[in-house]
$ cat final-v4.cif   # mmCIF, C-alpha atoms and all ligand atoms
data_structure
loop_
_atom_site.label_atom_id
_atom_site.label_comp_id
_atom_site.auth_asym_id
_atom_site.auth_seq_id
_atom_site.Cartn_x
_atom_site.Cartn_y
_atom_site.Cartn_z
CA MET J 1 76.64 -29.32 49.09
CA GLU J 2 77.32 -28.40 45.59
CA SER J 3 80.56 -26.84 44.48
CA SER J 4 79.42 -23.78 42.61
CA ASP J 5 81.25 -21.18 40.66
CA LEU J 6 80.87 -17.50 41.32
CA SER J 7 78.53 -16.92 38.38
CA ASP J 8 76.08 -19.57 39.73
CA ILE J 9 76.25 -17.84 43.09
CA SER J 10 75.64 -14.48 41.45
CA THR J 11 72.53 -15.87 39.74
CA THR J 12 71.24 -17.34 43.00
CA LEU J 13 71.82 -14.04 44.80
CA MET J 14 70.08 -12.00 42.13
CA GLY J 15 67.00 -14.21 42.45
CA ALA J 16 66.70 -13.62 46.21
CA HIS J 17 64.45 -11.12 47.99
CA HIS J 18 65.87 -11.15 51.47
CA VAL J 19 69.44 -12.19 52.24
CA ALA J 20 71.21 -12.57 55.60
CA ILE J 21 75.01 -12.41 55.49
CA SER J 22 77.42 -13.38 58.25
CA GLY J 23 81.14 -13.75 58.82
CA HIS J 24 82.87 -15.67 61.60
CA ILE J 25 83.15 -15.25 65.35
CA ASN J 26 85.91 -12.88 66.49
CA PRO J 27 85.33 -10.95 63.27
CA ASP J 28 88.32 -9.50 61.43
CA GLY J 29 88.76 -6.99 58.64
CA ASP J 30 88.23 -9.58 55.91
CA CYS J 31 84.94 -10.94 57.15
CA LEU J 32 83.53 -7.54 58.17
CA GLY J 33 84.59 -5.82 54.94
CA SER J 34 83.31 -8.72 52.82
CA VAL J 35 79.89 -8.74 54.51
CA LEU J 36 79.57 -4.96 54.20
CA ALA J 37 80.54 -4.95 50.53
CA LEU J 38 78.16 -7.73 49.54
CA ALA J 39 75.29 -6.20 51.53
CA SER J 40 75.84 -2.83 49.81
CA ALA J 41 75.83 -4.43 46.37
CA LEU J 42 72.64 -6.39 47.09
CA ARG J 43 70.89 -3.24 48.29
CA ILE J 44 71.92 -1.46 45.10
CA CYS J 45 70.07 -4.29 43.29
CA GLY J 46 66.96 -3.67 45.44
CA ILE J 47 67.47 -6.83 47.52
CA ARG J 48 67.08 -6.64 51.31
CA ALA J 49 70.38 -7.54 52.98
CA ASP J 50 70.84 -8.02 56.74
CA MET J 51 74.37 -8.08 58.14
CA LEU J 52 74.77 -10.47 61.07
CA LEU J 53 77.48 -10.75 63.71
CA ALA J 54 78.33 -14.32 64.65
CA ASP J 55 79.05 -13.16 68.18
CA ASP J 56 78.21 -9.94 69.95
CA GLY J 57 81.53 -8.15 69.47
CA LEU J 58 81.97 -5.48 66.81
CA PRO J 59 85.55 -4.12 66.73
CA GLU J 60 85.61 -0.32 66.74
CA LEU J 61 88.76 -0.50 64.63
CA TYR J 62 86.75 -0.92 61.45
CA ALA J 63 84.04 1.63 62.26
CA PHE J 64 85.35 3.92 59.49
CA MET J 65 83.84 1.61 56.87
CA PRO J 66 80.60 3.16 55.58
CA GLY J 67 77.49 1.33 56.80
CA TYR J 68 79.31 -0.26 59.75
CA ARG J 69 76.56 0.50 62.26
CA GLY J 70 74.21 -1.72 60.28
CA PHE J 71 75.68 -4.93 61.75
CA ARG J 72 73.42 -6.65 64.25
CA PRO J 73 74.04 -9.57 66.62
CA ALA J 74 72.67 -12.81 65.18
CA SER J 75 71.71 -13.82 68.74
CA ALA J 76 68.95 -11.16 68.67
CA TYR J 77 67.96 -11.61 65.01
CA ASP J 78 64.46 -12.91 64.35
CA GLY J 79 64.34 -12.39 60.57
CA HIS J 80 63.42 -15.13 58.09
CA PRO J 81 65.56 -14.53 54.99
CA ASP J 82 65.17 -16.66 51.89
CA LEU J 83 68.94 -16.86 51.37
CA PHE J 84 71.83 -17.08 53.82
CA VAL J 85 75.46 -16.31 52.89
CA ALA J 86 78.43 -17.23 55.10
CA LEU J 87 81.64 -15.40 54.21
CA ASP J 88 85.19 -16.27 55.34
CA THR J 89 83.80 -18.94 57.67
CA PRO J 90 85.10 -22.49 57.10
CA THR J 91 83.02 -24.35 59.67
CA PRO J 92 79.51 -24.09 61.18
CA LYS J 93 81.16 -23.76 64.59
CA ARG J 94 82.86 -20.55 63.45
CA LEU J 95 79.43 -19.18 62.50
CA GLY J 96 78.53 -18.95 66.21
CA CYS J 97 75.07 -17.47 66.74
CA SER J 98 74.56 -17.07 62.99
CA PHE J 99 74.37 -20.84 62.51
CA PRO J 100 70.78 -21.17 63.80
CA VAL J 101 69.79 -18.45 61.30
CA MET J 102 71.48 -20.45 58.54
CA GLN J 103 69.61 -23.58 59.65
CA ARG J 104 66.23 -21.92 59.30
CA THR J 105 67.02 -20.44 55.86
CA PRO J 106 65.94 -22.47 52.80
CA VAL J 107 68.95 -21.75 50.58
CA THR J 108 72.52 -21.34 51.85
CA ILE J 109 75.84 -20.28 50.35
CA THR J 110 79.43 -20.21 51.63
CA ILE J 111 82.27 -18.26 50.06
CA ASP J 112 85.64 -18.86 51.65
CA HIS J 113 89.38 -19.22 51.16
CA HIS J 114 90.36 -21.45 54.09
CA PRO J 115 91.95 -24.79 53.15
CA ASP J 116 89.89 -26.54 55.83
CA MET J 117 86.50 -25.31 54.63
CA GLN J 118 83.79 -27.86 55.37
CA ASP J 119 80.82 -28.67 53.15
CA TYR J 120 77.96 -27.20 55.13
CA ALA J 121 75.95 -25.15 52.64
CA ASP J 122 73.86 -25.77 49.53
CA HIS J 123 76.30 -23.85 47.36
CA SER J 124 79.98 -23.50 48.26
CA TYR J 125 82.76 -21.61 46.59
CA CYS J 126 86.28 -21.86 47.97
CA ASP J 127 89.42 -20.38 46.44
CA VAL J 128 92.40 -21.04 48.68
CA THR J 129 94.60 -18.89 46.45
CA ALA J 130 92.56 -15.77 47.18
CA GLY J 131 94.38 -13.49 49.60
CA ALA J 132 91.08 -12.38 51.08
CA VAL J 133 87.41 -13.23 50.74
CA GLY J 134 87.07 -9.52 49.94
CA MET J 135 88.67 -10.26 46.55
CA MET J 136 86.11 -12.96 45.80
CA VAL J 137 83.26 -10.70 46.87
CA TRP J 138 84.67 -8.03 44.57
CA ASP J 139 84.54 -10.46 41.63
CA LEU J 140 81.02 -11.54 42.64
CA ILE J 141 79.82 -7.93 42.74
CA GLU J 142 81.14 -7.42 39.22
CA LEU J 143 79.29 -10.57 38.08
CA MET J 144 76.13 -9.14 39.65
CA GLY J 145 76.53 -6.19 37.28
CA VAL J 146 76.99 -3.69 40.09
CA THR J 147 79.47 -0.85 39.61
CA PRO J 148 81.46 -0.77 42.86
CA THR J 149 80.90 2.38 44.89
CA PRO J 150 83.65 4.00 47.01
CA ALA J 151 82.00 2.37 50.06
CA ILE J 152 82.22 -1.09 48.47
CA ALA J 153 85.80 -0.42 47.37
CA THR J 154 86.76 0.73 50.87
CA ALA J 155 85.25 -2.38 52.47
CA CYS J 156 86.95 -4.75 50.00
CA PHE J 157 90.30 -2.98 50.25
CA THR J 158 90.12 -3.19 54.05
CA ALA J 159 89.44 -6.93 53.74
CA LEU J 160 92.38 -7.32 51.37
CA ILE J 161 94.93 -5.25 53.26
CA THR J 162 94.18 -6.94 56.58
CA ASP J 163 94.16 -10.55 55.33
CA THR J 164 97.38 -10.10 53.36
CA GLY J 165 99.06 -8.33 56.29
CA ARG J 166 99.43 -5.13 54.26
CA PHE J 167 100.53 -7.13 51.21
CA GLN J 168 103.30 -8.91 53.11
CA TYR J 169 102.10 -12.52 53.44
CA GLN J 170 102.56 -15.35 50.95
CA ASN J 171 98.97 -14.86 49.81
CA THR J 172 99.99 -11.52 48.25
CA THR J 173 99.65 -12.58 44.64
CA VAL J 174 99.58 -10.67 41.37
CA SER J 175 95.82 -11.01 41.56
CA ALA J 176 95.81 -9.40 45.02
CA PHE J 177 97.61 -6.35 43.63
CA GLU J 178 95.36 -6.27 40.56
CA HIS J 179 92.30 -6.31 42.81
CA ALA J 180 93.83 -3.60 45.00
CA ALA J 181 94.39 -1.41 41.95
CA ARG J 182 90.78 -1.84 40.83
CA MET J 183 89.55 -1.07 44.33
CA GLN J 184 91.64 2.08 44.49
CA ALA J 185 90.38 3.14 41.07
CA ALA J 186 86.81 2.69 42.38
CA GLY J 187 87.39 5.03 45.31
CA ALA J 188 89.27 3.19 48.09
CA VAL J 189 91.95 5.45 49.52
CA PRO J 190 94.81 3.20 50.73
CA SER J 191 96.54 5.88 52.82
CA GLN J 192 93.33 6.69 54.69
CA ILE J 193 92.45 3.04 55.25
CA SER J 194 95.98 2.28 56.48
CA ARG J 195 95.82 5.23 58.82
CA GLU J 196 92.52 4.00 60.28
CA VAL J 197 93.63 0.39 60.68
CA TYR J 198 97.31 0.71 61.54
CA GLN J 199 97.93 4.20 62.94
CA ASN J 200 95.08 4.44 65.34
CA ARG J 201 96.16 2.45 68.39
CA SER J 202 95.18 3.19 71.96
CA ILE J 203 97.80 3.48 74.68
CA SER J 204 96.09 0.48 76.34
CA CYS J 205 96.90 -1.55 73.25
CA VAL J 206 100.57 -0.58 73.46
CA GLU J 207 100.60 -1.39 77.19
CA LEU J 208 99.16 -4.82 76.43
CA GLU J 209 101.89 -5.28 73.84
CA ALA J 210 104.47 -4.49 76.55
CA ARG J 211 103.02 -7.30 78.69
CA ALA J 212 103.25 -9.74 75.80
CA ILE J 213 106.82 -8.68 75.08
CA ALA J 214 107.75 -9.14 78.75
CA ASN J 215 106.50 -12.72 78.56
CA ILE J 216 108.43 -13.64 75.41
CA HIS J 217 110.10 -17.06 75.47
CA PHE J 218 111.98 -18.88 72.77
CA GLY J 219 112.23 -22.52 71.84
CA ASP J 220 113.59 -24.73 69.09
CA GLN J 221 116.87 -22.83 68.87
CA GLY J 222 115.18 -19.51 68.31
CA ARG J 223 112.89 -20.70 65.54
CA LEU J 224 109.90 -20.66 67.87
CA VAL J 225 108.69 -17.77 69.98
CA TYR J 226 105.77 -17.89 72.36
CA SER J 227 104.11 -15.52 74.77
CA TRP J 228 100.80 -14.85 76.48
CA VAL J 229 98.57 -12.21 77.98
CA THR J 230 96.36 -12.89 80.99
CA GLU J 231 92.88 -11.66 81.87
CA GLN J 232 94.57 -9.54 84.52
CA ASP J 233 96.69 -7.90 81.82
CA PHE J 234 93.51 -6.81 80.06
CA VAL J 235 92.01 -5.44 83.28
CA GLN J 236 95.16 -3.61 84.31
CA THR J 237 95.88 -2.05 80.91
CA GLY J 238 92.28 -1.39 79.93
CA ALA J 239 92.95 -3.16 76.63
CA THR J 240 90.13 -4.84 74.71
CA ARG J 241 90.15 -8.23 73.03
CA ASP J 242 90.69 -6.51 69.69
CA ASP J 243 93.84 -4.88 71.06
CA ALA J 244 95.43 -8.34 71.13
CA GLU J 245 95.08 -8.77 67.36
CA SER J 246 98.48 -7.29 66.58
CA LEU J 247 100.39 -9.37 69.12
CA PRO J 248 101.03 -12.55 67.08
CA ASP J 249 102.60 -10.53 64.28
CA ILE J 250 104.90 -8.76 66.72
CA LEU J 251 106.19 -12.15 67.83
CA ARG J 252 106.61 -13.38 64.27
CA SER J 253 108.52 -10.23 63.30
CA LEU J 254 111.51 -11.33 65.40
CA ARG J 255 114.66 -12.29 63.56
CA GLY J 256 115.22 -16.02 63.22
CA VAL J 257 111.68 -16.87 64.29
CA GLU J 258 109.75 -19.23 62.03
CA VAL J 259 106.74 -19.93 64.22
CA ALA J 260 105.01 -17.66 66.75
CA LEU J 261 102.41 -18.62 69.32
CA LEU J 262 100.42 -16.04 71.27
CA MET J 263 98.07 -17.23 74.00
CA ARG J 264 95.30 -15.12 75.44
CA GLU J 265 93.42 -16.08 78.59
CA GLU J 266 89.67 -15.89 78.15
CA GLY J 267 87.21 -17.21 80.72
CA GLY J 268 89.04 -20.38 81.75
CA THR J 269 90.21 -21.15 78.23
CA ILE J 270 93.15 -20.08 76.12
CA ARG J 271 92.64 -18.55 72.69
CA ALA J 272 95.77 -19.32 70.78
CA SER J 273 96.95 -17.59 67.62
CA MET J 274 99.81 -19.01 65.60
CA ARG J 275 101.77 -17.40 62.81
CA ALA J 276 104.46 -18.88 60.58
CA LYS J 277 106.94 -17.50 58.14
CA GLY J 278 108.70 -19.85 55.79
CA ALA J 279 107.50 -23.36 55.16
CA ARG J 280 106.00 -24.31 58.53
CA ASP J 281 102.27 -25.15 58.42
CA VAL J 282 100.66 -23.96 61.63
CA GLY J 283 97.22 -24.74 60.18
CA ALA J 284 97.95 -28.46 60.57
CA VAL J 285 98.91 -27.95 64.20
CA ALA J 286 95.75 -25.92 64.80
CA ARG J 287 93.59 -28.63 63.25
CA ALA J 288 95.22 -31.29 65.44
CA LEU J 289 94.15 -29.18 68.41
CA GLY J 290 90.55 -28.74 67.26
CA GLY J 291 91.03 -25.35 65.56
CA GLY J 292 91.97 -24.39 62.04
CA GLY J 293 93.18 -21.70 59.69
CA HIS J 294 95.80 -21.19 57.02
CA ALA J 295 99.35 -22.54 56.79
CA ALA J 296 100.76 -19.19 57.90
CA ALA J 297 98.01 -18.05 60.31
CA ALA J 298 95.85 -20.30 62.39
CA GLY J 299 94.25 -20.59 65.80
CA PHE J 300 92.50 -22.82 68.28
CA THR J 301 90.90 -22.78 71.70
CA PHE J 302 92.56 -24.72 74.51
CA VAL J 303 90.75 -25.66 77.70
CA GLY J 304 93.24 -25.18 80.52
CA THR J 305 95.83 -22.79 81.85
CA VAL J 306 98.64 -21.02 80.02
CA ASP J 307 101.15 -23.43 81.55
CA GLU J 308 99.14 -26.42 80.36
CA ALA J 309 98.83 -24.92 76.88
CA ILE J 310 102.59 -24.36 76.73
CA GLU J 311 103.27 -27.91 77.77
CA ARG J 312 100.88 -29.33 75.20
CA VAL J 313 101.42 -27.07 72.23
CA VAL J 314 105.01 -25.81 72.25
CA PRO J 315 106.59 -29.22 71.52
CA MET J 316 104.26 -29.59 68.54
CA LEU J 317 105.78 -26.50 66.96
CA PHE J 318 109.36 -27.69 66.89
CA VAL J 319 110.97 -28.47 63.55
CA GLY J 320 110.49 -32.16 62.90
CA ALA J 321 107.43 -32.44 65.13
CA THR J 322 104.35 -33.88 63.55
CA ALA J 323 101.14 -32.00 64.09
CA ASP J 324 99.56 -34.53 66.37
CA ALA J 325 102.57 -35.87 68.26
CA ASP J 326 104.53 -34.36 71.08
CA THR J 327 108.16 -34.02 70.18
CA THR J 328 110.32 -33.45 73.14
CA ALA J 329 113.84 -34.13 71.98
CA ALA J 330 114.42 -30.53 70.99
CA ASN J 331 112.58 -29.20 73.97
CA ARG J 332 115.74 -28.20 75.75
CA PHE J 333 115.56 -24.56 74.76
CA VAL J 334 111.99 -24.01 75.87
CA GLY J 335 111.95 -21.18 78.39
CA ALA J 336 115.34 -19.82 77.36
CA THR J 337 115.95 -16.13 77.68
CA PRO J 338 117.23 -14.45 74.51
CA THR J 339 120.70 -14.20 76.03
CA GLN J 340 120.87 -17.89 76.80
CA LEU J 341 119.40 -18.79 73.49
CA PHE J 342 121.75 -16.78 71.32
CA ALA J 343 124.68 -17.96 73.39
CA ALA J 344 123.59 -21.51 72.61
CA ILE J 345 123.16 -20.77 68.92
CA ASN J 346 126.55 -19.12 68.71
CA SER J 347 128.19 -22.07 70.40
CA LYS J 348 127.23 -24.31 67.46
CA ASP J 349 123.96 -25.56 68.86
CA THR J 350 125.46 -27.44 71.74
CA LEU J 351 123.64 -27.54 74.99
CA ASP J 352 126.37 -25.60 76.78
CA VAL J 353 124.25 -22.62 77.55
CA PRO J 354 126.09 -20.29 79.87
CA ALA J 355 123.95 -18.41 82.34
CA PRO J 356 124.15 -14.64 81.92
CA PRO J 357 126.51 -13.15 84.51
CA ASP J 358 123.77 -11.53 86.55
CA THR J 359 121.25 -14.34 86.23
CA PRO J 360 121.05 -17.52 88.24
CA ALA J 361 121.38 -20.67 86.15
CA ASP J 362 117.98 -21.82 84.93
CA PRO J 363 117.30 -25.47 85.61
CA ALA J 364 115.14 -25.54 82.47
CA ILE J 365 118.27 -25.03 80.35
CA PRO J 366 120.55 -27.95 81.18
CA SER J 367 124.25 -27.40 80.69
CA ALA J 368 124.79 -30.80 79.09
CA PRO J 369 122.60 -33.29 77.28
CA SER J 370 120.81 -35.52 79.72
CA PRO J 371 117.81 -37.81 79.67
CA ALA J 372 115.99 -35.19 81.73
CA ALA J 373 116.27 -32.81 78.77
CA THR J 374 113.70 -34.84 76.93
CA THR J 375 111.02 -34.21 79.55
CA PRO J 376 108.48 -31.77 78.11
CA VAL J 377 108.65 -29.31 80.96
CA CYS J 378 108.03 -25.77 79.83
CA PRO J 379 108.34 -23.50 82.84
CA ARG J 380 107.84 -19.83 82.52
CA GLN J 381 110.93 -17.71 82.74
CA VAL J 382 110.50 -14.76 85.08
CA PRO J 383 111.17 -11.91 82.65
CA THR J 384 112.65 -9.56 85.24
CA THR J 385 115.66 -11.85 85.71
CA SER J 386 116.86 -10.71 82.31
CA PRO J 387 117.76 -7.03 81.87
CA ALA J 388 116.00 -5.35 78.99
CA SER J 389 119.30 -4.86 77.16
CA ASP J 390 119.76 -8.63 77.09
CA ARG J 391 116.74 -8.90 74.86
CA ASN J 392 118.48 -7.16 71.98
CA VAL J 393 121.46 -9.43 71.56
CA GLU J 394 122.54 -9.47 67.93
CA GLN J 395 122.94 -12.78 66.21
CA SER J 396 126.32 -12.66 64.54
P1 LIG J 401 93.63 -15.49 64.45
O1 LIG J 401 94.88 -16.02 65.05
O2 LIG J 401 93.85 -14.15 63.82
O3 LIG J 401 92.47 -15.53 65.39
O4 LIG J 401 93.25 -16.48 63.27
C1 LIG J 401 94.12 -16.76 62.22
C2 LIG J 401 93.42 -17.61 61.19
O5 LIG J 401 93.05 -18.85 61.77
C3 LIG J 401 92.13 -17.02 60.64
O6 LIG J 401 92.05 -17.37 59.29
C4 LIG J 401 91.05 -17.70 61.42
O7 LIG J 401 89.89 -17.80 60.68
C5 LIG J 401 91.65 -19.06 61.70
N1 LIG J 401 91.24 -19.56 63.01
C6 LIG J 401 91.54 -19.04 64.22
N2 LIG J 401 91.00 -19.75 65.20
C7 LIG J 401 90.32 -20.78 64.63
C8 LIG J 401 89.54 -21.86 65.14
O8 LIG J 401 89.34 -22.04 66.35
N3 LIG J 401 88.99 -22.69 64.18
C9 LIG J 401 89.19 -22.53 62.85
N4 LIG J 401 88.63 -23.40 62.00
N5 LIG J 401 89.93 -21.53 62.34
C10 LIG J 401 90.49 -20.65 63.21
MN MN J 402 89.83 -14.22 55.48
#

$ encode --input "final-v4.cif" --output "structure tokens"
Amino acid sequence: MESSDLSDISTTLMGAHHVAISGHINPDGDCLGSVLALASALRICGIRADMLLADDGLPELYAFMPGYRGFRPASAYDGHPDLFVALDTPTPKRLGCSFPVMQRTPVTITIDHHPDMQDYADHSYCDVTAGAVGMMVWDLIELMGVTPTPAIATACFTALITDTGRFQYQNTTVSAFEHAARMQAAGAVPSQISREVYQNRSISCVELEARAIANIHFGDQGRLVYSWVTEQDFVQTGATRDDAESLPDILRSLRGVEVALLMREEGGTIRASMRAKGARDVGAVARALGGGGHAAAAGFTFVGTVDEAIERVVPMLFVGATADADTTAANRFVGATPTQLFAAINSKDTLDVPAPPDTPADPAIPSAPSPAATTPVCPRQVPTTSPASDRNVEQS
């Protein structure tokens, strides 16, 4: 691998005849928008550009982006490009079915912004300060001498707005806003894109959200929230995998929460998404569990049940836990209902957690410190034991 700058990459691209471009498995707005934008620019230059899907899923959510139907599954792709570009994909594993295409291509490039990007291409460019790969692709397109079209601007803006969480995350830099302004000037319409991405939800998606909310549990004195959705939840609500995308952010949005963990059952494994606000680095935890991502948004796949994932992962998310060690001392609040938890917080962090009047005492929340409290047992709390009104207790 050679660490290249964007102008080297631009030169390499402009010398190609046939380019295949892919993002990562479970594609999101950044990888899909980035691939679309770069493919459009290459075609403007008269270069053949094929857009590959690392797995077979193509989220309908982003179908408003011009050219979207041009994506094709890499698993069925038999082309022989002379150049392969991986966007927003830090590891070969995340390239899924596109990796064999990369392996049979003579020259390869990666452009990424993940801190854990591996060296797996001939030319690599990684800018961890970029809010989205869509920003880097925008700069690359300018270096290629292409005037961005409204379609390119729409794709890049979609990449930027989704990866910065609508300009809310810590990666929302001055440069992110400057790029957004240039994209809007080139024809991206922020209100339309926001409407497509954020005001276009199915009722199934909202019903899935209700399931995740019903399963909410807190730990680490309210700094940690975790929840899950099962395969049955998907069947019963009619929700798709993409409908689960918004769930981790809903958990993180809770007051006092610093780390959120959302688990999704998928064919005998658990797909876990973590989100942090503040200084916690969930990327390190994800890497310790074989996954990866950013400090504030990361994920991994866990082989086992939801209960096993809770037992393994939740203690790693407590303040003071190291990424690769179970920390159980603070585990006493795992499984607490909001009522119990806030009662504990308001009683100066002692372990005297009174049971709500209409709820039987939960053996997972001991009433006094005891050696048993250090056992990493993380039972589920049956949500119906806590009235809905209990969930909205104000922290004074
Ligand atoms: P999400 O929770 O939305 O699936 O992912 C959040 C972030 O973590 C994204 O940047 C995504 O690329 C990264 N990520 C999620 N799962 C994995 C994984 O299994 N491996 C690696 N390397 N990164 C992941
Ligand atoms: Mn990205």

$ residues_near_ligand --input "final-v4.cif" --ligand "ligand MN 402 (chain J)" --cutoff "7 Å" --atoms "all atoms listed in the file" --output "CSV table (one decimal) with C-alpha atoms, keeping the file's coordinate frame"
chain,number,residue,atom,x,y,z
J,30,ASP,CA,88.2,-9.6,55.9
J,31,CYS,CA,84.9,-10.9,57.2
J,88,ASP,CA,85.2,-16.3,55.3
J,113,HIS,CA,89.4,-19.2,51.2
J,132,ALA,CA,91.1,-12.4,51.1
J,133,VAL,CA,87.4,-13.2,50.7
J,163,ASP,CA,94.2,-10.6,55.3

$ closest_atom_pairs --input "final-v4.cif" --of "chain J" --to "ligand LIG 401 (chain J)" --cutoff "7 Å" --atoms "only C-alpha atoms and all ligand atoms" --output "Markdown table"
| residue | atom | partner | partner_atom | distance |
| --- | --- | --- | --- | --- |
| J:Thr89 | CA | J:LIG401 | O7 | 6.9 |
| J:Pro90 | CA | J:LIG401 | N4 | 6.1 |
| J:Thr91 | CA | J:LIG401 | N4 | 6.1 |
| J:Arg94 | CA | J:LIG401 | N3 | 6.5 |
| J:His114 | CA | J:LIG401 | O6 | 6.8 |
| J:Glu245 | CA | J:LIG401 | O2 | 6.6 |
| J:Ala272 | CA | J:LIG401 | O1 | 6.7 |
| J:Ser273 | CA | J:LIG401 | O1 | 3.7 |
| J:Met274 | CA | J:LIG401 | O1 | 5.8 |
| J:Gly290 | CA | J:LIG401 | O8 | 6.9 |
| J:Gly291 | CA | J:LIG401 | N3 | 3.6 |
| J:Gly292 | CA | J:LIG401 | C9 | 3.4 |
| J:Gly293 | CA | J:LIG401 | O5 | 3.5 |
| J:His294 | CA | J:LIG401 | O6 | 5.8 |
| J:Ala297 | CA | J:LIG401 | C1 | 4.5 |
| J:Ala298 | CA | J:LIG401 | O5 | 3.2 |
| J:Gly299 | CA | J:LIG401 | N2 | 3.4 |
| J:Phe300 | CA | J:LIG401 | O8 | 3.8 |
| J:Thr301 | CA | J:LIG401 | O8 | 5.6 |

$ write_last_selection --input "final-v4.cif" --atoms "C-alpha atoms" --output "compact mmCIF listing (two decimals), keeping the file's coordinate frame"
# COMPACT_ATOMS: atom_id res chain seq x y z
CA THR J 89 83.80 -18.94 57.67
CA PRO J 90 85.10 -22.49 57.10
CA THR J 91 83.02 -24.35 59.67
CA ARG J 94 82.86 -20.55 63.45
CA HIS J 114 90.36 -21.45 54.09
CA GLU J 245 95.08 -8.77 67.36
CA ALA J 272 95.77 -19.32 70.78
CA SER J 273 96.95 -17.59 67.62
CA MET J 274 99.81 -19.01 65.60
CA GLY J 290 90.55 -28.74 67.26
CA GLY J 291 91.03 -25.35 65.56
CA GLY J 292 91.97 -24.39 62.04
CA GLY J 293 93.18 -21.70 59.69
CA HIS J 294 95.80 -21.19 57.02
CA ALA J 297 98.01 -18.05 60.31
CA ALA J 298 95.85 -20.30 62.39
CA GLY J 299 94.25 -20.59 65.80
CA PHE J 300 92.50 -22.82 68.28
CA THR J 301 90.90 -22.78 71.70

$ closest_residue --input "final-v4.cif" --among "J:Gly70, J:Gly131, J:Gly278, J:Gly187" --to "J:Leu36" --atoms "only C-alpha atoms"
J:Gly70

$ residues_around --input "final-v4.cif" --residues "J:Phe318" --least-positions-apart "3" --cutoff "7 Å" --atoms "only C-alpha atoms" --output "ChimeraX atom specification"
/J:220,315,321

$ residues_around --input "final-v4.cif" --residues "J:Thr269" --least-positions-apart "5" --cutoff "9 Å" --atoms "only C-alpha atoms" --output "PyMOL selection string"
chain J and resi 264+301-306

$ residues_around --input "final-v4.cif" --residues "J:Arg43" --least-positions-apart "4" --cutoff "12 Å" --atoms "all atoms listed in the file" --output "list in words"
Leu13, Met14, Ala16, His17, His18, Val19, Ala20, Leu36, Ala37, Leu38, Ala39, Ile47, Arg48, Ala49, Asp50, Met51, Gly67, Ile141, Met144, Val146, Thr149 and Ile152 of chain J

$ closest_residue --input "final-v4.cif" --among "J:Arg166, J:Arg252, J:Arg211, J:His80" --to "J:Glu231" --atoms "only C-alpha atoms"
J:Arg211

$ atom_distance --input "final-v4.cif" --atom1 "atom CA of J:Leu95" --atom2 "atom CA of J:Ile25"
6.1 Å

$ decode --input "final-v4.cif" --residues "stretch 129-140 of chain J" --atoms "N, CA and C atoms" --output "short mmCIF file (atom, residue, chain, number, x, y, z; two decimals), in the first residue's frame"
data_model
loop_
_atom_site.label_atom_id
_atom_site.label_comp_id
_atom_site.auth_asym_id
_atom_site.auth_seq_id
_atom_site.Cartn_x
_atom_site.Cartn_y
_atom_site.Cartn_z
N THR J 129 -10.54 13.20 9.79
CA THR J 129 -11.25 14.43 10.19
C THR J 129 -12.44 14.71 9.27
N ALA J 130 -12.53 13.99 8.17
CA ALA J 130 -13.63 14.24 7.23
C ALA J 130 -14.93 13.69 7.81
N GLY J 131 -15.95 14.51 7.85
CA GLY J 131 -17.23 14.08 8.40
C GLY J 131 -17.86 12.96 7.60
N ALA J 132 -17.56 12.93 6.32
CA ALA J 132 -18.12 11.89 5.44
C ALA J 132 -17.14 11.66 4.30
N VAL J 133 -17.16 10.44 3.78
CA VAL J 133 -16.35 10.18 2.58
C VAL J 133 -16.89 11.02 1.42
N GLY J 134 -18.19 11.35 1.47
CA GLY J 134 -18.78 12.21 0.44
C GLY J 134 -18.07 13.55 0.29
N MET J 135 -17.48 14.05 1.38
CA MET J 135 -16.70 15.30 1.30
C MET J 135 -15.41 15.07 0.51
N MET J 136 -14.78 13.92 0.76
CA MET J 136 -13.51 13.63 0.09
C MET J 136 -13.75 13.37 -1.40
N VAL J 137 -14.85 12.70 -1.69
CA VAL J 137 -15.20 12.45 -3.09
C VAL J 137 -15.49 13.77 -3.79
N TRP J 138 -16.12 14.67 -3.08
CA TRP J 138 -16.39 16.01 -3.64
C TRP J 138 -15.09 16.69 -4.04
N ASP J 139 -14.11 16.67 -3.12
CA ASP J 139 -12.79 17.27 -3.42
C ASP J 139 -12.12 16.57 -4.59
N LEU J 140 -12.24 15.25 -4.63
CA LEU J 140 -11.64 14.46 -5.71
C LEU J 140 -12.25 14.84 -7.06
#
